[in-house]
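To start, the structure itself, in structure tokens.
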Amino acid sequence: MECCGERLPADADLLQRVMTSHNIGLKEQLPLWRSFYRQWPDPAWARVCIERAKEIKSLLAEERSLFSGSDDSATILPAPERSVPATAERHFIWLGDRYAIGVDTLRGGIQQLAEAGLIASDREQQTAFRRCLGLALNEQERSSDPPWVLWLGPSDMLNHLVDSLWQLGLIHCAGGNRQKWQTLCGAFLRADGTRFPASIKSNRCTNPEKLRTLDRALLDSLRFLVGKKTI
């Protein structure tokens with residue numbers, strides 16, 4: 001299982017401890033249990049994930065019942081997250097065709113990102129990632145908004161991935177460079193389903209292991225193809 005940037009065994013108690021150690025709230029844990037369920041399509045494991053999700057939903061319902069009412073004491077509630085629409089607000093423009101980098105090559109890299117635990121392994125999310133980069137396969141995809149991509153890894157790795165694809169000349173966006181980070185924030189969501197802040201543009205990745213993970217998964221093969229075409 002991929003959880004909080006770590007590769008862990010399918011052990012529900014261990015996964016719970018890791019999420020707790022990363023201060024991931026109950027509400028944010030729900031999509032993660034869904035991701036765990038999809039990463040290993042085993043019936044027994046599916047039941048474990050579903051039961052954990054049911055338990056969390058029950059606790060959240062009790063929390064709302066107990067603490068949502070007003071009383072004589074002053075209650076300070078956190079500001080709600082801005083609502084997220086059903087589909088992504090933005091997507092990039094794919095320029096890889098000029099380097100003969102098509103859907104098959106990109107699919108392979110996206111699968112490697114999923115195996116590294118950076119996006120979910122289900123086909124819907126891998127398709128969403130492809131469409132987020134602007135590679136649409138048919139008129140229906142070109143004329144509709146893509147789904148959001150849930151980024152399961154650290155935000156600095158997403159920063160580096162998008163910036164590297166941009167520097168390679170493989171993606172662009174409406175508004176050019178000044179809209180690059182706004183486009184990222186309109187296409188990707190954090191693992192808990194909330195938005196990335198605009199400050200992600202300053203969250204540079206310097207960790208060698210994280211950089212190697214992205215290189216092995218996708219970037220090295222794309223650099224080779226871009227370099228081969230420009231020689």
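We label chains A, B, ... in the order they appear in the structure tokens, count residues from 1 in each chain, and number ligands from 1 in the order shown.
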When you look at range 20-24 of chain A with a cut-off of 9 Å (counting only C-alpha atoms), what residues show up, excluding the ones that are within fewer than 5 positions of it in the same chain? I need them as a ChimeraX atom specification. /A:4,15,29,192
Neighbour list for range 150-164 of chain A as a ChimeraX atom specification, cut-off 6 Å, only C-alpha atoms, skip fewer than 3 positions in-chain: /A:5,118-119,167,188-191,203-205
As an mmCIF file with N, CA and C atoms, in the first residue's frame, please: every residue in range 132-215 of chain A that a backbone DSSP assignment puts in strand (DSSP E).
data_model
loop_
_atom_site.group_PDB
_atom_site.id
_atom_site.type_symbol
_atom_site.label_atom_id
_atom_site.label_comp_id
_atom_site.auth_asym_id
_atom_site.auth_seq_id
_atom_site.Cartn_x
_atom_site.Cartn_y
_atom_site.Cartn_z
ATOM 1 N N VAL A 149 -7.511 15.143 -10.436
ATOM 2 C CA VAL A 149 -6.502 14.136 -10.114
ATOM 3 C C VAL A 149 -6.174 14.266 -8.631
ATOM 4 N N LEU A 150 -6.335 13.191 -7.876
ATOM 5 C CA LEU A 150 -5.927 13.186 -6.470
ATOM 6 C C LEU A 150 -4.441 12.838 -6.403
ATOM 7 N N TRP A 151 -3.637 13.781 -5.955
ATOM 8 C CA TRP A 151 -2.194 13.550 -5.825
ATOM 9 C C TRP A 151 -1.938 12.982 -4.441
ATOM 10 N N ILE A 171 4.221 20.411 -21.834
ATOM 11 C CA ILE A 171 2.920 20.960 -21.461
ATOM 12 C C ILE A 171 2.976 22.485 -21.511
ATOM 13 N N HIS A 172 1.821 23.069 -21.722
ATOM 14 C CA HIS A 172 1.657 24.516 -21.697
ATOM 15 C C HIS A 172 0.271 24.784 -21.125
ATOM 16 N N PHE A 188 -5.304 19.468 -9.928
ATOM 17 C CA PHE A 188 -4.941 18.470 -8.925
ATOM 18 C C PHE A 188 -5.561 18.825 -7.572
ATOM 19 N N LEU A 189 -5.910 17.799 -6.827
ATOM 20 C CA LEU A 189 -6.343 17.955 -5.442
ATOM 21 C C LEU A 189 -5.400 17.167 -4.537
ATOM 22 N N ARG A 190 -5.347 17.573 -3.271
ATOM 23 C CA ARG A 190 -4.581 16.805 -2.295
ATOM 24 C C ARG A 190 -5.276 15.480 -2.012
#
For range 135-141 of chain A, list every protein, DNA or RNA residue within 12 Å, evaluated using only C-alpha atoms, and leave out those in the same chain fewer than 2 positions away; present the list as an mmCIF file with all heavy atoms, in the first residue's frame.
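Output saved as result_28.cif:
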data_model
loop_
_atom_site.group_PDB
_atom_site.id
_atom_site.type_symbol
_atom_site.label_atom_id
_atom_site.label_comp_id
_atom_site.auth_asym_id
_atom_site.auth_seq_id
_atom_site.Cartn_x
_atom_site.Cartn_y
_atom_site.Cartn_z
ATOM 1 N N HIS A 91 -6.962 22.516 -17.081
ATOM 2 C CA HIS A 91 -6.044 21.444 -17.482
ATOM 3 C C HIS A 91 -4.958 22.056 -18.352
ATOM 4 O O HIS A 91 -5.089 23.174 -18.862
ATOM 5 C CB HIS A 91 -6.773 20.312 -18.220
ATOM 6 C CG HIS A 91 -7.398 20.729 -19.522
ATOM 7 N ND1 HIS A 91 -6.679 20.881 -20.690
ATOM 8 C CD2 HIS A 91 -8.684 21.042 -19.839
ATOM 9 C CE1 HIS A 91 -7.489 21.253 -21.669
ATOM 10 N NE2 HIS A 91 -8.705 21.363 -21.175
ATOM 11 N N PHE A 92 -3.864 21.340 -18.502
ATOM 12 C CA PHE A 92 -2.759 21.806 -19.324
ATOM 13 C C PHE A 92 -3.032 21.494 -20.798
ATOM 14 O O PHE A 92 -4.019 20.850 -21.146
ATOM 15 C CB PHE A 92 -1.452 21.149 -18.866
ATOM 16 C CG PHE A 92 -0.981 21.635 -17.528
ATOM 17 C CD1 PHE A 92 -1.272 20.932 -16.367
ATOM 18 C CD2 PHE A 92 -0.255 22.809 -17.427
ATOM 19 C CE1 PHE A 92 -0.842 21.389 -15.128
ATOM 20 C CE2 PHE A 92 0.179 23.278 -16.192
ATOM 21 C CZ PHE A 92 -0.117 22.559 -15.038
ATOM 22 N N ILE A 93 -2.143 21.979 -21.650
ATOM 23 C CA ILE A 93 -2.178 21.699 -23.089
ATOM 24 C C ILE A 93 -1.007 20.778 -23.395
ATOM 25 O O ILE A 93 0.142 21.108 -23.067
ATOM 26 C CB ILE A 93 -2.074 22.995 -23.899
ATOM 27 C CG1 ILE A 93 -3.231 23.944 -23.549
ATOM 28 C CG2 ILE A 93 -2.051 22.705 -25.400
ATOM 29 C CD1 ILE A 93 -3.032 25.360 -24.064
ATOM 30 N N TRP A 94 -1.277 19.636 -23.983
ATOM 31 C CA TRP A 94 -0.223 18.664 -24.264
ATOM 32 C C TRP A 94 0.524 19.044 -25.537
ATOM 33 O O TRP A 94 -0.080 19.210 -26.604
ATOM 34 C CB TRP A 94 -0.808 17.271 -24.397
ATOM 35 C CG TRP A 94 0.196 16.193 -24.702
ATOM 36 C CD1 TRP A 94 0.318 15.475 -25.847
ATOM 37 C CD2 TRP A 94 1.216 15.708 -23.820
ATOM 38 N NE1 TRP A 94 1.355 14.585 -25.752
ATOM 39 C CE2 TRP A 94 1.924 14.704 -24.514
ATOM 40 C CE3 TRP A 94 1.592 16.033 -22.520
ATOM 41 C CZ2 TRP A 94 2.985 14.016 -23.943
ATOM 42 C CZ3 TRP A 94 2.663 15.350 -21.941
ATOM 43 C CH2 TRP A 94 3.339 14.359 -22.653
ATOM 44 N N LEU A 95 1.853 19.168 -25.457
ATOM 45 C CA LEU A 95 2.697 19.501 -26.600
ATOM 46 C C LEU A 95 3.604 18.346 -26.996
ATOM 47 O O LEU A 95 4.478 18.517 -27.838
ATOM 48 C CB LEU A 95 3.565 20.734 -26.268
ATOM 49 C CG LEU A 95 2.814 22.012 -25.860
ATOM 50 C CD1 LEU A 95 3.814 23.114 -25.533
ATOM 51 C CD2 LEU A 95 1.849 22.463 -26.941
ATOM 52 N N GLY A 96 3.377 17.187 -26.395
ATOM 53 C CA GLY A 96 4.267 16.059 -26.647
ATOM 54 C C GLY A 96 4.204 15.504 -28.051
ATOM 55 O O GLY A 96 5.129 14.808 -28.484
ATOM 56 N N ASP A 97 3.128 15.823 -28.784
ATOM 57 C CA ASP A 97 3.016 15.288 -30.149
ATOM 58 C C ASP A 97 4.167 15.742 -31.032
ATOM 59 O O ASP A 97 4.592 15.010 -31.927
ATOM 60 C CB ASP A 97 1.686 15.729 -30.772
ATOM 61 C CG ASP A 97 0.494 15.064 -30.110
ATOM 62 O OD1 ASP A 97 0.699 14.043 -29.423
ATOM 63 O OD2 ASP A 97 -0.635 15.555 -30.264
ATOM 64 N N ILE A 101 5.677 11.925 -28.784
ATOM 65 C CA ILE A 101 5.343 11.288 -27.514
ATOM 66 C C ILE A 101 3.821 11.239 -27.429
ATOM 67 O O ILE A 101 3.170 12.257 -27.200
ATOM 68 C CB ILE A 101 5.923 12.062 -26.317
ATOM 69 C CG1 ILE A 101 7.445 12.142 -26.443
ATOM 70 C CG2 ILE A 101 5.531 11.379 -25.004
ATOM 71 C CD1 ILE A 101 8.103 13.013 -25.380
ATOM 72 N N GLY A 102 3.275 10.058 -27.660
ATOM 73 C CA GLY A 102 1.835 9.902 -27.698
ATOM 74 C C GLY A 102 1.279 9.222 -26.471
ATOM 75 O O GLY A 102 1.950 9.100 -25.437
ATOM 76 N N VAL A 103 0.068 8.735 -26.621
ATOM 77 C CA VAL A 103 -0.675 8.230 -25.468
ATOM 78 C C VAL A 103 -0.044 6.975 -24.872
ATOM 79 O O VAL A 103 -0.036 6.805 -23.650
ATOM 80 C CB VAL A 103 -2.151 7.991 -25.843
ATOM 81 C CG1 VAL A 103 -2.281 6.899 -26.905
ATOM 82 C CG2 VAL A 103 -2.975 7.637 -24.611
ATOM 83 N N ASP A 104 0.493 6.090 -25.706
ATOM 84 C CA ASP A 104 1.039 4.848 -25.165
ATOM 85 C C ASP A 104 2.237 5.106 -24.261
ATOM 86 O O ASP A 104 2.365 4.510 -23.181
ATOM 87 C CB ASP A 104 1.434 3.906 -26.309
ATOM 88 C CG ASP A 104 0.218 3.362 -27.037
ATOM 89 O OD1 ASP A 104 -0.867 3.335 -26.431
ATOM 90 O OD2 ASP A 104 0.357 2.980 -28.214
ATOM 91 N N THR A 105 3.117 5.998 -24.695
ATOM 92 C CA THR A 105 4.282 6.339 -23.874
ATOM 93 C C THR A 105 3.847 6.984 -22.561
ATOM 94 O O THR A 105 4.350 6.644 -21.490
ATOM 95 C CB THR A 105 5.204 7.305 -24.639
ATOM 96 O OG1 THR A 105 5.641 6.667 -25.840
ATOM 97 C CG2 THR A 105 6.401 7.694 -23.796
ATOM 98 N N LEU A 106 2.903 7.914 -22.660
ATOM 99 C CA LEU A 106 2.457 8.596 -21.459
ATOM 100 C C LEU A 106 1.740 7.651 -20.509
ATOM 101 O O LEU A 106 1.912 7.724 -19.290
ATOM 102 C CB LEU A 106 1.538 9.763 -21.829
ATOM 103 C CG LEU A 106 1.190 10.720 -20.680
ATOM 104 C CD1 LEU A 106 2.456 11.312 -20.074
ATOM 105 C CD2 LEU A 106 0.266 11.819 -21.159
ATOM 106 N N ARG A 107 0.939 6.738 -21.051
ATOM 107 C CA ARG A 107 0.244 5.765 -20.194
ATOM 108 C C ARG A 107 1.232 4.947 -19.380
ATOM 109 O O ARG A 107 1.008 4.659 -18.204
ATOM 110 C CB ARG A 107 -0.627 4.850 -21.046
ATOM 111 C CG ARG A 107 -2.006 5.412 -21.357
ATOM 112 C CD ARG A 107 -2.774 4.439 -22.207
ATOM 113 N NE ARG A 107 -4.128 4.897 -22.487
ATOM 114 C CZ ARG A 107 -4.823 4.541 -23.548
ATOM 115 N NH1 ARG A 107 -4.278 3.721 -24.454
ATOM 116 N NH2 ARG A 107 -6.039 4.993 -23.726
ATOM 117 N N GLN A 126 -5.960 7.315 -13.591
ATOM 118 C CA GLN A 126 -4.885 7.380 -14.573
ATOM 119 C C GLN A 126 -5.342 8.108 -15.831
ATOM 120 O O GLN A 126 -4.586 8.869 -16.436
ATOM 121 C CB GLN A 126 -4.384 5.975 -14.881
ATOM 122 C CG GLN A 126 -3.696 5.328 -13.678
ATOM 123 C CD GLN A 126 -2.983 4.049 -14.014
ATOM 124 O OE1 GLN A 126 -2.351 3.924 -15.059
ATOM 125 N NE2 GLN A 126 -3.080 3.072 -13.124
ATOM 126 N N THR A 127 -6.598 7.891 -16.214
ATOM 127 C CA THR A 127 -7.167 8.646 -17.333
ATOM 128 C C THR A 127 -7.259 10.120 -16.993
ATOM 129 O O THR A 127 -6.963 10.995 -17.813
ATOM 130 C CB THR A 127 -8.561 8.095 -17.694
ATOM 131 O OG1 THR A 127 -8.436 6.738 -18.120
ATOM 132 C CG2 THR A 127 -9.207 8.920 -18.800
ATOM 133 N N ALA A 128 -7.673 10.415 -15.749
ATOM 134 C CA ALA A 128 -7.764 11.808 -15.316
ATOM 135 C C ALA A 128 -6.405 12.494 -15.403
ATOM 136 O O ALA A 128 -6.304 13.657 -15.816
ATOM 137 C CB ALA A 128 -8.305 11.878 -13.888
ATOM 138 N N PHE A 129 -5.342 11.779 -15.025
ATOM 139 C CA PHE A 129 -4.004 12.361 -15.073
ATOM 140 C C PHE A 129 -3.621 12.679 -16.522
ATOM 141 O O PHE A 129 -3.100 13.762 -16.811
ATOM 142 C CB PHE A 129 -2.989 11.397 -14.459
ATOM 143 C CG PHE A 129 -1.623 12.007 -14.261
ATOM 144 C CD1 PHE A 129 -1.278 12.573 -13.051
ATOM 145 C CD2 PHE A 129 -0.706 12.014 -15.281
ATOM 146 C CE1 PHE A 129 -0.029 13.147 -12.862
ATOM 147 C CE2 PHE A 129 0.550 12.586 -15.108
ATOM 148 C CZ PHE A 129 0.888 13.149 -13.900
ATOM 149 N N ARG A 130 -3.876 11.748 -17.421
ATOM 150 C CA ARG A 130 -3.573 11.987 -18.844
ATOM 151 C C ARG A 130 -4.322 13.216 -19.359
ATOM 152 O O ARG A 130 -3.754 14.090 -20.017
ATOM 153 C CB ARG A 130 -3.933 10.747 -19.668
ATOM 154 C CG ARG A 130 -3.946 11.000 -21.175
ATOM 155 C CD ARG A 130 -4.246 9.762 -21.969
ATOM 156 N NE ARG A 130 -5.503 9.133 -21.649
ATOM 157 C CZ ARG A 130 -6.705 9.561 -22.065
ATOM 158 N NH1 ARG A 130 -6.802 10.670 -22.780
ATOM 159 N NH2 ARG A 130 -7.797 8.897 -21.755
ATOM 160 N N ARG A 131 -5.611 13.294 -19.038
ATOM 161 C CA ARG A 131 -6.423 14.417 -19.507
ATOM 162 C C ARG A 131 -6.017 15.722 -18.833
ATOM 163 O O ARG A 131 -6.090 16.789 -19.436
ATOM 164 C CB ARG A 131 -7.898 14.126 -19.273
ATOM 165 C CG ARG A 131 -8.437 12.967 -20.113
ATOM 166 C CD ARG A 131 -9.939 12.818 -19.954
ATOM 167 N NE ARG A 131 -10.626 14.028 -20.398
ATOM 168 C CZ ARG A 131 -11.915 14.276 -20.176
ATOM 169 N NH1 ARG A 131 -12.654 13.397 -19.508
ATOM 170 N NH2 ARG A 131 -12.467 15.395 -20.615
ATOM 171 N N CYS A 132 -5.570 15.638 -17.597
ATOM 172 C CA CYS A 132 -5.084 16.829 -16.899
ATOM 173 C C CYS A 132 -3.886 17.434 -17.627
ATOM 174 O O CYS A 132 -3.735 18.655 -17.671
ATOM 175 C CB CYS A 132 -4.706 16.458 -15.473
ATOM 176 S SG CYS A 132 -3.523 17.546 -14.690
ATOM 177 N N LEU A 133 -3.059 16.577 -18.222
ATOM 178 C CA LEU A 133 -1.912 17.070 -18.983
ATOM 179 C C LEU A 133 -2.309 17.543 -20.378
ATOM 180 O O LEU A 133 -1.462 18.048 -21.123
ATOM 181 C CB LEU A 133 -0.841 15.992 -19.088
ATOM 182 C CG LEU A 133 -0.201 15.545 -17.769
ATOM 183 C CD1 LEU A 133 0.914 14.547 -18.034
ATOM 184 C CD2 LEU A 133 0.308 16.721 -16.956
ATOM 185 N N SER A 143 -14.176 17.930 -25.562
ATOM 186 C CA SER A 143 -15.268 18.878 -25.342
ATOM 187 C C SER A 143 -15.827 18.835 -23.921
ATOM 188 O O SER A 143 -16.833 19.478 -23.640
ATOM 189 C CB SER A 143 -16.399 18.605 -26.341
ATOM 190 O OG SER A 143 -16.912 17.290 -26.167
ATOM 191 N N SER A 144 -15.193 18.073 -23.024
ATOM 192 C CA SER A 144 -15.682 17.982 -21.646
ATOM 193 C C SER A 144 -14.551 18.254 -20.673
ATOM 194 O O SER A 144 -13.375 18.090 -20.999
ATOM 195 C CB SER A 144 -16.285 16.600 -21.374
ATOM 196 O OG SER A 144 -15.302 15.586 -21.506
ATOM 197 N N ASP A 145 -14.909 18.678 -19.474
ATOM 198 C CA ASP A 145 -13.905 18.931 -18.443
ATOM 199 C C ASP A 145 -13.387 17.611 -17.885
ATOM 200 O O ASP A 145 -14.165 16.683 -17.651
ATOM 201 C CB ASP A 145 -14.503 19.759 -17.306
ATOM 202 C CG ASP A 145 -14.863 21.164 -17.753
ATOM 203 O OD1 ASP A 145 -14.159 21.696 -18.633
ATOM 204 O OD2 ASP A 145 -15.852 21.716 -17.225
ATOM 205 N N PRO A 146 -12.084 17.506 -17.625
ATOM 206 C CA PRO A 146 -11.540 16.265 -17.074
ATOM 207 C C PRO A 146 -11.860 16.138 -15.595
ATOM 208 O O PRO A 146 -12.162 17.131 -14.927
ATOM 209 C CB PRO A 146 -10.031 16.426 -17.292
ATOM 210 C CG PRO A 146 -9.811 17.898 -17.245
ATOM 211 C CD PRO A 146 -11.036 18.522 -17.873
ATOM 212 N N PRO A 147 -11.776 14.915 -15.058
ATOM 213 C CA PRO A 147 -11.917 14.754 -13.588
ATOM 214 C C PRO A 147 -10.698 15.344 -12.882
ATOM 215 O O PRO A 147 -9.645 15.533 -13.470
ATOM 216 C CB PRO A 147 -11.972 13.229 -13.412
ATOM 217 C CG PRO A 147 -12.191 12.664 -14.777
ATOM 218 C CD PRO A 147 -11.621 13.636 -15.736
ATOM 219 N N LEU A 170 6.737 19.933 -22.823
ATOM 220 C CA LEU A 170 5.705 18.925 -23.073
ATOM 221 C C LEU A 170 4.307 19.402 -22.688
ATOM 222 O O LEU A 170 3.313 18.833 -23.143
ATOM 223 C CB LEU A 170 6.031 17.638 -22.312
ATOM 224 C CG LEU A 170 7.291 16.912 -22.796
ATOM 225 C CD1 LEU A 170 7.610 15.737 -21.883
ATOM 226 C CD2 LEU A 170 7.114 16.434 -24.236
ATOM 227 N N ILE A 171 4.221 20.411 -21.834
ATOM 228 C CA ILE A 171 2.920 20.960 -21.461
ATOM 229 C C ILE A 171 2.976 22.485 -21.511
ATOM 230 O O ILE A 171 4.039 23.093 -21.382
ATOM 231 C CB ILE A 171 2.453 20.517 -20.055
ATOM 232 C CG1 ILE A 171 3.468 20.927 -18.979
ATOM 233 C CG2 ILE A 171 2.177 19.019 -20.023
ATOM 234 C CD1 ILE A 171 3.008 20.664 -17.540
ATOM 235 N N HIS A 172 1.821 23.069 -21.722
ATOM 236 C CA HIS A 172 1.657 24.516 -21.697
ATOM 237 C C HIS A 172 0.271 24.784 -21.125
ATOM 238 O O HIS A 172 -0.455 23.843 -20.785
ATOM 239 C CB HIS A 172 1.805 25.096 -23.108
ATOM 240 C CG HIS A 172 2.114 26.565 -23.113
ATOM 241 N ND1 HIS A 172 3.281 27.085 -22.602
ATOM 242 C CD2 HIS A 172 1.394 27.635 -23.565
ATOM 243 C CE1 HIS A 172 3.271 28.403 -22.746
ATOM 244 N NE2 HIS A 172 2.133 28.765 -23.319
#
Counting only C-alpha atoms, the residue of A:Gln112, A:Ser121, A:Ser199, A:Thr87 that sits nearest Asp220 in chain A: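 Closest residue, counting only C-alpha atoms: A:Gln112.
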Which residues come within 12 Å of Ala46 in chain A, counting only C-alpha atoms, excluding same-chain residues fewer than 3 positions away, as a PyMOL selection string? chain A and resi 10+12+33-43+49-53
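Comparing A:Gly134, A:Pro197, A:Gly25, A:Gly108 by their smallest distance to Ala174 in chain A, the closest is A:Gly134 (using only C-alpha atoms).
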Just the residues within 9 Å of Leu60 in chain A, please, counting only C-alpha atoms, with nothing from its chain fewer than 4 positions along; format it as a list in words.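 Near neighbours after the sequence-gap exclusion: Leu26, Lys27, Glu55, Ile56, Arg64 and Ser65 of chain A.
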Between CA of Leu218 in chain A and CA of Ala114 in chain A, what is the spacing in Å?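 Computing the Euclidean distance for CA of Ala114 in chain A and CA of Leu218 in chain A yields 10.7 Å.
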Work out how far CA of Ser202 in chain A is from CA of Trp181 in chain A, in Å to one decimal.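 Interatomic distance, CA of Trp181 in chain A to CA of Ser202 in chain A: 9.8 Å.
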When you look at Glu115 in chain A with a cut-off of 10 Å (counting only C-alpha atoms), what residues show up, excluding the ones that are within fewer than 6 positions of it in the same chain? I need them as a VMD selection string. chain A and resid 1 to 2 7 39 109 121 217
Any idea what the distance is between CA of Val84 in chain A and CA of Val18 in chain A?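 Interatomic distance here is 26.6 Å.
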Polymer residues at most 12 Å from Phe224 in chain A, only C-alpha atoms, same-chain spacing of 6 or more positions, as JSON, numbers by chain: {"A": [99, 100, 101, 105, 168, 215, 216, 218, 230, 231]}
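Closest approach to Gln16 in chain A among A:Glu209, A:Ala198, A:Leu59, A:Cys3 is made by A:Cys3 (distances from only C-alpha atoms).
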So that I can check the secondary structure, give me every residue of chain A assigned helix (DSSP H, G or I) by backbone DSSP, as an MDAnalysis selection string. chainID A and resid 12:21 26:39 43:67 96:99 103:115 123:132 139:142 155:167 176:185 198:202 208:230
